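S.K.: File final-v7.pdb below, PDB, C-alpha atoms and all ligand atoms:
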ATOM      1  CA  MET A 200      12.775  69.070 -49.290
ATOM      2  CA  GLU A 201      15.943  70.108 -47.503
ATOM      3  CA  ASN A 202      14.623  68.255 -44.504
ATOM      4  CA  LEU A 203      13.882  65.219 -46.669
ATOM      5  CA  GLU A 204      17.457  65.133 -47.933
ATOM      6  CA  LYS A 205      18.741  65.204 -44.403
ATOM      7  CA  ILE A 206      16.495  62.295 -43.413
ATOM      8  CA  LEU A 207      17.544  60.287 -46.492
ATOM      9  CA  GLY A 208      21.177  60.907 -45.568
ATOM     10  CA  GLN A 209      20.513  59.619 -42.057
ATOM     11  CA  ALA A 210      18.790  56.519 -43.424
ATOM     12  CA  TYR A 211      21.707  55.777 -45.778
ATOM     13  CA  SER A 212      24.102  56.031 -42.828
ATOM     14  CA  VAL A 213      22.008  53.679 -40.691
ATOM     15  CA  ILE A 214      21.865  51.059 -43.477
ATOM     16  CA  LYS A 215      25.604  51.336 -44.109
ATOM     17  CA  ALA A 216      26.512  51.143 -40.431
ATOM     18  CA  GLU A 217      24.076  48.351 -39.552
ATOM     19  CA  PHE A 218      24.485  46.074 -42.573
ATOM     20  CA  ASP A 219      27.226  47.519 -44.760
ATOM     21  CA  LEU A 220      24.694  47.538 -47.580
ATOM     22  CA  GLU A 221      24.103  50.137 -50.254
ATOM     23  CA  LEU A 222      21.488  51.018 -52.832
ATOM     24  CA  LYS A 223      23.119  51.204 -56.231
ATOM     25  CA  ASP A 224      20.434  50.841 -58.877
ATOM     26  CA  SER A 225      17.231  51.876 -57.132
ATOM     27  CA  LYS A 226      15.714  55.250 -57.919
ATOM     28  CA  LEU A 227      13.391  57.245 -55.707
ATOM     29  CA  LEU A 228      10.617  58.967 -57.658
ATOM     30  CA  ILE A 229       8.306  61.396 -55.869
ATOM     31  CA  TYR A 230       5.118  61.870 -57.876
ATOM     32  CA  SER A 231       2.828  64.893 -57.879
ATOM     33  CA  ARG A 232      -0.886  64.369 -57.229
ATOM     34  CA  GLU A 233      -1.627  64.330 -60.914
ATOM     35  CA  ASP A 234       1.075  61.784 -61.781
ATOM     36  CA  TRP A 235       0.206  59.597 -58.820
ATOM     37  CA  LEU A 236      -3.496  59.463 -59.688
ATOM     38  CA  GLU A 237      -2.609  58.577 -63.244
ATOM     39  CA  LEU A 238      -0.252  55.831 -62.084
ATOM     40  CA  ILE A 239      -2.759  54.132 -59.800
ATOM     41  CA  LYS A 240      -5.438  54.358 -62.465
ATOM     42  CA  GLU A 241      -3.234  53.009 -65.213
ATOM     43  CA  HIS A 242      -1.866  50.090 -63.191
ATOM     44  CA  ASN A 243      -5.000  49.397 -61.231
ATOM     45  CA  ILE A 244      -3.272  50.001 -57.884
ATOM     46  CA  ASP A 245      -5.267  50.092 -54.644
ATOM     47  CA  LYS A 246      -6.464  53.690 -54.105
ATOM     48  CA  ASN A 247      -5.336  53.666 -50.463
ATOM     49  CA  ARG A 248      -1.725  53.059 -51.356
ATOM     50  CA  GLU A 249       0.746  55.900 -51.406
ATOM     51  CA  GLY A 250       3.921  54.156 -52.440
ATOM     52  CA  ILE A 251       5.093  51.205 -54.544
ATOM     53  CA  TYR A 252       8.296  49.555 -55.686
ATOM     54  CA  VAL A 253       8.618  48.295 -59.238
ATOM     55  CA  PRO A 254      11.355  45.617 -59.212
ATOM     56  CA  GLU A 255      11.974  45.452 -62.961
ATOM     57  CA  GLU A 256      12.573  49.204 -63.048
ATOM     58  CA  TYR A 257      14.365  49.412 -59.692
ATOM     59  CA  SER A 258      11.980  52.261 -58.926
ATOM     60  CA  ALA A 259      10.408  53.307 -55.649
ATOM     61  CA  ILE A 260       7.517  55.625 -56.429
ATOM     62  CA  VAL A 261       5.843  57.572 -53.631
ATOM     63  CA  TYR A 262       3.042  60.102 -53.542
ATOM     64  CA  GLU A 263       4.369  63.557 -52.720
ATOM     65  CA  LYS A 264       1.377  64.621 -50.625
ATOM     66  CA  SER A 265       1.247  61.456 -48.544
ATOM     67  CA  LYS A 266       0.948  62.113 -44.841
ATOM     68  CA  PHE A 267       3.323  59.205 -44.435
ATOM     69  CA  LEU A 268       5.849  60.275 -47.028
ATOM     70  CA  ILE A 269       8.891  59.415 -44.883
ATOM     71  CA  PRO A 270       7.718  55.916 -43.837
ATOM     72  CA  GLU A 271       6.642  55.273 -47.469
ATOM     73  CA  ILE A 272      10.139  56.154 -48.681
ATOM     74  CA  PHE A 273      11.756  53.977 -46.000
ATOM     75  CA  HIS A 274       9.468  51.081 -46.894
ATOM     76  CA  ASN A 275       9.637  51.194 -50.670
ATOM     77  CA  PHE A 276      13.009  52.715 -51.468
ATOM     78  CA  PHE A 277      15.116  51.262 -48.635
ATOM     79  CA  GLY A 278      13.085  48.173 -47.722
ATOM     80  CA  HIS A 279      12.110  46.808 -51.132
ATOM     81  CA  GLY A 280      15.070  48.423 -52.883
ATOM     82  CA  LEU A 281      17.671  46.786 -50.615
ATOM     83  CA  PHE A 282      15.884  43.456 -50.836
ATOM     84  CA  ILE A 283      15.647  43.407 -54.625
ATOM     85  CA  GLU A 284      19.209  44.612 -55.133
ATOM     86  CA  ASN A 285      21.037  42.671 -52.444
ATOM     87  CA  SER A 286      19.130  39.614 -51.289
ATOM     88  CA  ARG A 287      19.338  36.339 -53.166
ATOM     89  CA  ILE A 288      15.568  36.011 -52.713
ATOM     90  CA  GLY A 289      15.123  39.543 -54.071
ATOM     91  CA  LYS A 290      17.190  38.705 -57.125
ATOM     92  CA  LYS A 291      15.045  35.647 -57.637
ATOM     93  CA  ILE A 292      11.888  37.782 -57.388
ATOM     94  CA  LEU A 293      13.365  40.142 -59.966
ATOM     95  CA  GLU A 294      14.039  37.255 -62.330
ATOM     96  CA  ILE A 295      10.479  36.018 -61.898
ATOM     97  CA  SER A 296       9.029  39.506 -62.346
ATOM     98  CA  LYS A 297      10.595  39.721 -65.809
ATOM     99  CA  LYS A 298       8.483  36.773 -66.836
ATOM    100  CA  ALA A 299       4.718  36.635 -66.783
ATOM    101  CA  LYS A 300       2.550  35.797 -63.769
ATOM    102  CA  ILE A 301       4.842  36.863 -60.948
ATOM    103  CA  GLU A 302       1.898  36.628 -58.520
ATOM    104  CA  ASP A 303       1.609  32.871 -59.011
ATOM    105  CA  VAL A 304       5.176  32.380 -57.899
ATOM    106  CA  ILE A 305       5.739  34.861 -55.108
ATOM    107  CA  TYR A 306       2.375  34.676 -53.334
ATOM    108  CA  ARG A 307       2.133  30.913 -53.187
ATOM    109  CA  GLU A 308       3.528  28.921 -50.249
ATOM    110  CA  LYS A 309       7.127  27.872 -50.714
ATOM    111  CA  ASP A 310       7.638  24.226 -51.601
ATOM    112  CA  GLU A 311       9.910  21.919 -49.581
ATOM    113  CA  ASN A 312      13.053  22.868 -51.512
ATOM    114  CA  GLU A 313      12.432  26.582 -51.149
ATOM    115  CA  LYS A 314      11.688  26.547 -47.437
ATOM    116  CA  ASN A 315      15.300  26.534 -46.296
ATOM    117  CA  ILE A 316      15.868  30.087 -47.472
ATOM    118  CA  GLY A 317      14.007  33.106 -46.157
ATOM    119  CA  ILE A 318      11.982  33.492 -43.007
ATOM    120  CA  ALA A 319       8.346  33.604 -44.119
ATOM    121  CA  SER A 320       6.192  31.001 -45.823
ATOM    122  CA  SER A 321       6.143  32.766 -49.211
ATOM    123  CA  TYR A 322       8.612  34.870 -51.186
ATOM    124  CA  TYR A 323       6.155  37.735 -51.066
ATOM    125  CA  ASN A 324       6.072  37.700 -47.269
ATOM    126  CA  ASP A 325       9.883  37.701 -47.142
ATOM    127  CA  TYR A 326       9.872  40.733 -49.468
ATOM    128  CA  GLU A 327       7.065  42.563 -47.691
ATOM    129  CA  GLY A 328       8.021  41.582 -44.132
ATOM    130  CA  PHE A 329      11.557  42.842 -44.635
ATOM    131  CA  ALA A 330      10.299  46.201 -45.984
ATOM    132  CA  LEU A 331       7.966  46.644 -43.004
ATOM    133  CA  TRP A 332      10.770  45.785 -40.622
ATOM    134  CA  ILE A 333      13.207  48.245 -42.275
ATOM    135  CA  GLU A 334      10.481  50.911 -42.330
ATOM    136  CA  GLU A 335       9.926  50.710 -38.593
ATOM    137  CA  MET A 336      13.646  50.447 -37.838
ATOM    138  CA  LEU A 337      14.516  53.512 -39.917
ATOM    139  CA  CYS A 338      11.610  55.522 -38.510
ATOM    140  CA  SER A 339      12.843  54.718 -35.035
ATOM    141  CA  LYS A 340      16.495  55.549 -35.767
ATOM    142  CA  THR A 341      15.829  58.809 -37.606
ATOM    143  CA  GLY A 342      13.399  60.367 -35.138
ATOM    144  CA  ASN A 343      10.244  59.604 -37.137
ATOM    145  CA  TYR A 344       8.675  57.127 -34.763
ATOM    146  CA  LYS A 345       5.592  59.212 -34.051
ATOM    147  CA  ILE A 346       4.451  59.299 -37.668
ATOM    148  CA  TRP A 347       5.288  55.603 -37.943
ATOM    149  CA  GLN A 348       3.029  54.823 -34.996
ATOM    150  CA  GLU A 349       0.180  56.626 -36.688
ATOM    151  CA  LYS A 350       0.727  54.693 -39.913
ATOM    152  CA  TYR A 351       0.992  51.437 -37.960
ATOM    153  CA  SER A 352      -2.330  52.082 -36.200
ATOM    154  CA  ARG A 353      -4.001  51.985 -39.619
ATOM    155  CA  PHE A 354      -2.499  48.627 -40.594
ATOM    156  CA  GLY A 355      -4.718  45.602 -41.046
ATOM    157  CA  GLU A 356      -4.214  42.481 -38.924
ATOM    158  CA  GLU A 357      -2.224  40.752 -41.643
ATOM    159  CA  GLU A 358       0.383  43.502 -41.907
ATOM    160  CA  LYS A 359       0.688  43.769 -38.129
ATOM    161  CA  GLU A 360       1.152  40.021 -37.850
ATOM    162  CA  LEU A 361       3.785  39.944 -40.574
ATOM    163  CA  LEU A 362       5.781  42.752 -38.977
ATOM    164  CA  ASN A 363       5.592  41.145 -35.550
ATOM    165  CA  PHE A 364       6.741  37.876 -37.030
ATOM    166  CA  PHE A 365       9.807  39.620 -38.479
ATOM    167  CA  LYS A 366      10.536  41.445 -35.227
ATOM    168  CA  ASN A 367      10.343  38.214 -33.240
ATOM    169  CA  SER A 368      12.513  36.430 -35.788
ATOM    170  CA  TYR A 369      15.110  39.181 -35.486
ATOM    171  CA  ASN A 370      15.130  38.883 -31.699
ATOM    172  CA  ILE A 371      15.601  35.147 -31.908
ATOM    173  CA  LEU A 372      18.070  34.944 -34.775
ATOM    174  CA  GLN A 373      20.025  38.175 -34.204
ATOM    175  CA  LYS A 374      21.326  40.348 -36.987
ATOM    176  CA  PHE A 375      23.855  38.116 -38.698
ATOM    177  CA  VAL A 376      21.678  35.018 -38.912
ATOM    178  CA  PHE A 377      18.495  36.984 -39.660
ATOM    179  CA  MET A 378      20.043  38.784 -42.629
ATOM    180  CA  SER A 379      21.862  35.675 -43.893
ATOM    181  CA  GLN A 380      18.647  33.686 -43.729
ATOM    182  CA  LEU A 381      16.987  36.402 -45.826
ATOM    183  CA  GLY A 382      19.678  35.935 -48.470
ATOM    184  CA  PHE A 383      21.844  38.976 -47.706
ATOM    185  CA  ASN A 384      25.602  38.788 -47.725
ATOM    186  CA  VAL A 385      26.200  40.606 -44.490
ATOM    187  CA  LYS A 386      29.498  41.836 -43.211
ATOM    188  CA  TYR A 387      30.202  40.142 -39.925
ATOM    189  CA  ASN A 388      32.313  40.903 -36.944
ATOM    190  CA  PRO A 389      34.621  37.883 -36.476
ATOM    191  CA  LEU A 390      34.307  38.032 -32.709
ATOM    192  CA  LYS A 391      30.545  38.294 -32.782
ATOM    193  CA  LEU A 392      30.078  35.702 -35.524
ATOM    194  CA  ARG A 393      31.182  32.892 -33.226
ATOM    195  CA  LEU A 394      28.811  33.975 -30.465
ATOM    196  CA  GLU A 395      25.883  34.556 -32.829
ATOM    197  CA  LEU A 396      26.324  31.202 -34.559
ATOM    198  CA  ILE A 397      26.549  29.301 -31.291
ATOM    199  CA  ASP A 398      23.562  31.189 -29.991
ATOM    200  CA  TYR A 399      21.640  30.340 -33.163
ATOM    201  CA  LEU A 400      22.516  26.653 -32.885
ATOM    202  CA  LYS A 401      21.522  26.586 -29.219
ATOM    203  CA  LYS A 402      18.097  27.904 -30.193
ATOM    204  CA  GLN A 403      17.762  25.447 -33.064
ATOM    205  CA  TYR A 404      18.849  22.451 -30.987
ATOM    206  CA  GLY A 405      17.226  23.225 -27.649
ATOM    207  CA  ASN A 406      18.235  20.534 -25.128
ATOM    208  CA  PHE A 407      20.019  18.561 -27.844
ATOM    209  CA  PHE A 408      22.760  21.198 -27.889
ATOM    210  CA  GLU A 409      24.180  19.623 -24.710
ATOM    211  CA  ASN A 410      25.025  16.535 -26.772
ATOM    212  CA  ILE A 411      27.324  18.504 -29.060
ATOM    213  CA  LYS A 412      31.050  17.924 -28.533
ATOM    214  CA  LEU A 413      32.572  19.749 -31.460
ATOM    215  CA  ILE A 414      31.573  22.303 -34.101
ATOM    216  CA  ILE A 415      33.919  23.101 -36.948
ATOM    217  CA  ILE A 416      33.598  25.548 -39.821
ATOM    218  CA  LYS A 417      34.628  23.344 -42.711
ATOM    219  CA  ASN A 418      35.239  25.968 -45.339
ATOM    220  CA  PHE A 419      36.877  28.562 -43.138
ATOM    221  CA  SER A 420      40.341  27.936 -44.515
ATOM    222  CA  GLU A 421      39.455  28.804 -48.077
ATOM    223  CA  ASN A 422      40.738  32.200 -49.032
ATOM    224  CA  LYS A 423      37.910  33.217 -51.279
ATOM    225  CA  PHE A 424      35.520  32.388 -48.511
ATOM    226  CA  PHE A 425      34.965  34.972 -45.788
ATOM    227  CA  LYS A 426      36.261  37.555 -48.214
ATOM    228  CA  ASP A 427      36.077  41.079 -46.767
ATOM    229  CA  ASN A 428      34.519  39.566 -43.669
ATOM    230  CA  LYS A 429      31.567  38.437 -45.736
ATOM    231  CA  ILE A 430      30.313  34.910 -45.762
ATOM    232  CA  PHE A 431      29.402  34.365 -49.378
ATOM    233  CA  ASP A 432      31.431  34.806 -52.513
ATOM    234  CA  ASP A 433      29.937  35.140 -55.957
ATOM    235  CA  SER A 434      29.414  31.424 -56.294
ATOM    236  CA  ASN A 435      26.906  31.641 -53.429
ATOM    237  CA  LYS A 436      28.718  29.156 -51.270
ATOM    238  CA  LYS A 437      27.204  28.228 -47.971
ATOM    239  CA  LEU A 438      28.683  28.260 -44.538
ATOM    240  CA  ASP A 439      29.564  24.625 -44.006
ATOM    241  CA  LEU A 440      29.584  23.283 -40.446
ATOM    242  CA  LEU A 441      30.570  19.878 -39.166
ATOM    243  CA  ILE A 442      29.196  18.812 -35.811
ATOM    244  CA  VAL A 443      30.297  15.813 -33.796
ATOM    245  CA  SER A 444      27.769  14.917 -31.138
ATOM    246  CA  LYS A 445      25.826  12.255 -29.307
ATOM    247  CA  ASN A 446      22.829  13.085 -31.493
ATOM    248  CA  GLN A 447      21.798  11.171 -34.583
ATOM    249  CA  THR A 448      23.846  11.529 -37.739
ATOM    250  CA  LYS A 449      22.028  13.859 -40.119
ATOM    251  CA  LYS A 450      22.288  16.783 -42.522
ATOM    252  CA  TYR A 451      20.556  20.153 -42.493
ATOM    253  CA  ASP A 452      20.462  22.771 -45.216
ATOM    254  CA  PHE A 453      19.149  26.259 -44.485
ATOM    255  CA  GLY A 454      20.231  27.846 -47.746
ATOM    256  CA  TRP A 455      23.058  29.879 -46.267
ATOM    257  CA  ILE A 456      24.303  27.309 -43.776
ATOM    258  CA  GLU A 457      24.774  23.590 -44.226
ATOM    259  CA  ILE A 458      25.273  21.344 -41.219
ATOM    260  CA  SER A 459      26.615  17.801 -41.302
ATOM    261  CA  GLU A 460      26.186  16.204 -37.919
ATOM    262  CA  ILE A 461      27.954  12.960 -37.096
ATOM    263  CA  ASN A 462      27.317  10.770 -34.098
ATOM    264  CA  GLU A 463      30.546  10.213 -32.171
ATOM    265  CA  ASN A 464      29.960   6.496 -31.730
ATOM    266  CA  GLU A 465      29.830   6.161 -35.487
ATOM    267  CA  ILE A 466      33.282   7.712 -35.689
ATOM    268  CA  LYS A 467      34.570   5.332 -33.041
ATOM    269  CA  ASN A 468      33.134   2.437 -34.978
ATOM    270  CA  ILE A 469      34.660   3.418 -38.293
ATOM    271  CA  THR A 470      36.584   0.411 -39.442
ATOM    272  CA  CYS A 471      36.130  -0.090 -43.116
ATOM    273  CA  GLY A 472      34.315   3.242 -43.221
ATOM    274  CA  ILE A 473      37.666   4.893 -43.834
ATOM    275  CA  PHE A 474      37.267   3.749 -47.403
ATOM    276  CA  GLU A 475      34.098   3.771 -49.401
ATOM    277  CA  LYS A 476      33.272   2.174 -52.689
ATOM    278  CA  VAL A 477      32.477   4.567 -55.477
ATOM    279  CA  GLU A 478      31.288   3.826 -58.950
ATOM    280  CA  GLU A 479      33.413   5.260 -61.686
ATOM    281  CA  GLY A 480      32.874   4.686 -65.369
ATOM    282  CA  GLY A 481      30.881   1.520 -64.777
ATOM    283  CA  SER A 482      33.388  -0.116 -62.383
ATOM    284  CA  TRP A 483      33.851   0.143 -58.635
ATOM    285  CA  ARG A 484      36.909   1.440 -56.844
ATOM    286  CA  SER A 485      37.771   2.248 -53.246
ATOM    287  CA  ARG A 486      38.165   5.822 -52.205
ATOM    288  CA  GLU A 487      39.104   7.322 -48.895
ATOM    289  CA  SER A 488      35.820   8.404 -47.378
ATOM    290  CA  GLU A 489      35.135  12.091 -47.548
ATOM    291  CA  PHE A 490      34.490  12.245 -43.832
ATOM    292  CA  TYR A 491      37.696  10.439 -42.983
ATOM    293  CA  SER A 492      39.845  12.581 -45.253
ATOM    294  CA  PHE A 493      38.274  15.606 -43.638
ATOM    295  CA  LEU A 494      38.927  14.398 -40.103
ATOM    296  CA  LYS A 495      42.536  13.685 -41.003
ATOM    297  CA  ARG A 496      42.984  17.378 -41.725
ATOM    298  CA  LEU A 497      41.008  18.468 -38.691
ATOM    299  CA  GLY A 498      43.752  20.757 -37.420
ATOM    300  CA  GLU A 499      43.398  22.988 -40.488
ATOM    301  CA  TYR A 500      39.870  23.982 -39.676
ATOM    302  CA  LYS A 501      38.395  26.565 -37.438
ATOM    303  CA  ILE A 502      36.957  25.184 -34.236
ATOM    304  CA  LEU A 503      33.825  27.070 -33.407
ATOM    305  CA  TYR A 504      32.913  25.111 -30.300
ATOM    306  CA  GLY A 505      34.482  22.288 -28.311
ATOM    307  CA  ASN A 506      37.908  21.709 -26.862
ATOM    308  CA  LYS A 507      41.263  20.940 -28.454
ATOM    309  CA  ASP A 508      41.745  17.764 -26.395
ATOM    310  CA  TYR A 509      38.685  16.249 -27.994
ATOM    311  CA  VAL A 510      40.087  17.061 -31.446
ATOM    312  CA  GLU A 511      43.368  15.356 -30.484
ATOM    313  CA  GLU A 512      41.421  12.364 -29.195
ATOM    314  CA  LEU A 513      39.589  12.049 -32.519
ATOM    315  CA  LYS A 514      42.770  12.413 -34.511
ATOM    316  CA  GLU A 515      44.524   9.758 -32.489
ATOM    317  CA  LEU A 516      41.605   7.421 -32.859
ATOM    318  CA  LEU A 517      41.708   7.781 -36.611
ATOM    319  CA  THR A 518      45.471   7.412 -36.826
ATOM    320  CA  ASN A 519      45.240   4.119 -34.954
ATOM    321  CA  LYS A 520      42.497   2.966 -37.249
ATOM    322  CA  THR A 521      44.555   3.697 -40.358
ATOM    323  CA  GLN A 522      47.403   1.649 -38.961
ATOM    324  CA  THR A 523      45.243  -1.351 -38.215
ATOM    325  CA  PHE A 524      43.441  -1.241 -41.546
TER     326      PHE A 524
HETATM  327 ZN    ZN B   1       5.676  46.822 -49.573
END
What's the structure tokens form of this structure?
M.R.:
Amino acid sequence: MENLEKILGQAYSVIKAEFDLELKDSKLLIYSREDWLELIKEHNIDKNREGIYVPEEYSAIVYEKSKFLIPEIFHNFFGHGLFIENSRIGKKILEISKKAKIEDVIYREKDENEKNIGIASSYYNDYEGFALWIEEMLCSKTGNYKIWQEKYSRFGEEEKELLNFFKNSYNILQKFVFMSQLGFNVKYNPLKLRLELIDYLKKQYGNFFENIKLIIIKNFSENKFFKDNKIFDDSNKKLDLLIVSKNQTKKYDFGWIEISEINENEIKNITCGIFEKVEEGGSWRSRESEFYSFLKRLGEYKILYGNKDYVEELKELLTNKTQTF
């Protein structure tokens, strides 16, 4: 047990250093053979399992005599525990689990509105994939890789596939984007954030990235945003990017990041677009267009990508337009 405490301490340090996350409510319960057998009988749990996490009780329960005690603890306590406590998807799962029929909601494929958050096709796979990924990562970083490999060799195809999917996603998205996409509010390194976001966009856009002239973080200037070097505040705001490019004008929403992309020719052609008609209390009035009022204050925002001359060019263009209007 002394050894176990040391390993738990190491795992806590890894989680803190890697993600600046903590477990606050989750409990780790190690059950004797007798208690474990009673638990699986009572709750009709698969006999081959040696660990579970019960979201509504914030409890990771593992079987004391399990050959894979350490990986089971990493999986259930750290993996599921961190997800339920800290991820917005986890919190959603917890809400659902308090009501009846949780299986119907978390196992089914996500619908169109739900697809922009998470990595997998169902909430369950986000929850399970993350726990598998944490389990392997912690085993590797705490010197328990050998026992992990043995456990892994007993996995079915589905589990192996899910873990590989998460590992590939991590390699593509990198830490900041990967964790944000899974609904975690991750502490970021300001210098790395820029590189990781640009890298992420390059992967999303492929060849179309070459058409991008300017990327701005729209809500960077707000104080409550980027608090403590974290992206989200309590109101779950998204990272809001504006892109000016030669691509088509469109909007994307990935749950944690929202992108408004505007074609540069459309900006050049703004004439009456500076004002838009809005309905208010049954009558119409003119209002400065949201996009124009934003561009007017361009200098206040954080330029993520693109050069200052292009910003000046845009500003000048819009100033001239206001004068001729
Ligand atoms: Zn699990």
S.K.: Produce as a PyMOL selection string the set of residues near ligand ZN 1 (chain B), where near means within 10 Å with all atoms listed in the file considered.
M.R.: chain A and resi 248+250-252+271+274-276+278-279+323-324+326-331+334+358
S.K.: Taking the file as I've supplied it (selection: the PyMOL selection byres (((chain A and resi 379-395) around 9) and not hetatm)), which residues are included? Please answer as a short mmCIF file (atom, residue, chain, number, x, y, z; two decimals) with C-alpha atoms, in the frame of the given file.
M.R.:
data_model
loop_
_atom_site.label_atom_id
_atom_site.label_comp_id
_atom_site.auth_asym_id
_atom_site.auth_seq_id
_atom_site.Cartn_x
_atom_site.Cartn_y
_atom_site.Cartn_z
CA PHE A 218 24.48 46.07 -42.57
CA ASP A 219 27.23 47.52 -44.76
CA LEU A 220 24.69 47.54 -47.58
CA PHE A 282 15.88 43.46 -50.84
CA ASN A 285 21.04 42.67 -52.44
CA SER A 286 19.13 39.61 -51.29
CA ARG A 287 19.34 36.34 -53.17
CA ILE A 288 15.57 36.01 -52.71
CA GLY A 289 15.12 39.54 -54.07
CA ASN A 315 15.30 26.53 -46.30
CA ILE A 316 15.87 30.09 -47.47
CA GLY A 317 14.01 33.11 -46.16
CA ILE A 318 11.98 33.49 -43.01
CA ASP A 325 9.88 37.70 -47.14
CA PHE A 329 11.56 42.84 -44.64
CA LEU A 372 18.07 34.94 -34.78
CA GLN A 373 20.02 38.17 -34.20
CA LYS A 374 21.33 40.35 -36.99
CA PHE A 375 23.86 38.12 -38.70
CA VAL A 376 21.68 35.02 -38.91
CA PHE A 377 18.50 36.98 -39.66
CA MET A 378 20.04 38.78 -42.63
CA LEU A 396 26.32 31.20 -34.56
CA ILE A 397 26.55 29.30 -31.29
CA ASP A 398 23.56 31.19 -29.99
CA TYR A 399 21.64 30.34 -33.16
CA LEU A 400 22.52 26.65 -32.88
CA ASP A 427 36.08 41.08 -46.77
CA ASN A 428 34.52 39.57 -43.67
CA LYS A 429 31.57 38.44 -45.74
CA ILE A 430 30.31 34.91 -45.76
CA PHE A 431 29.40 34.36 -49.38
CA ASP A 432 31.43 34.81 -52.51
CA PHE A 453 19.15 26.26 -44.48
CA GLY A 454 20.23 27.85 -47.75
CA TRP A 455 23.06 29.88 -46.27
CA ILE A 456 24.30 27.31 -43.78
CA LEU A 503 33.83 27.07 -33.41
CA TYR A 504 32.91 25.11 -30.30
#
S.K.: Restricting the calculation to all atoms listed in the file, which member of A:Glu460, A:Asp310, A:Glu284, A:Asp508 is positioned closest to A:Leu222?
M.R.: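 Counting all atoms listed in the file, the residue closest to A:Leu222 is A:Glu284.
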S.K.: Just to confirm, what's the straight-line distance from atom CA of A:Arg232 to atom CA of A:Glu263 in Å (one decimal)?
M.R.: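 Atom-to-atom, atom CA of A:Arg232 and atom CA of A:Glu263 are spaced 7.0 Å apart.
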S.K.: Record the distance separating atom CA of A:Phe277 and atom CA of A:Leu362, expressed in Å with one decimal.
M.R.: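 Going from atom CA of A:Phe277 over to atom CA of A:Leu362 covers 15.9 Å.
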S.K.: Using all atoms listed in the file, which of A:Glu465, A:Glu241, A:Glu255, A:Glu249 sits nearest A:Asp224?
M.R.: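 For A:Asp224, the nearest of the given residues is A:Glu255.
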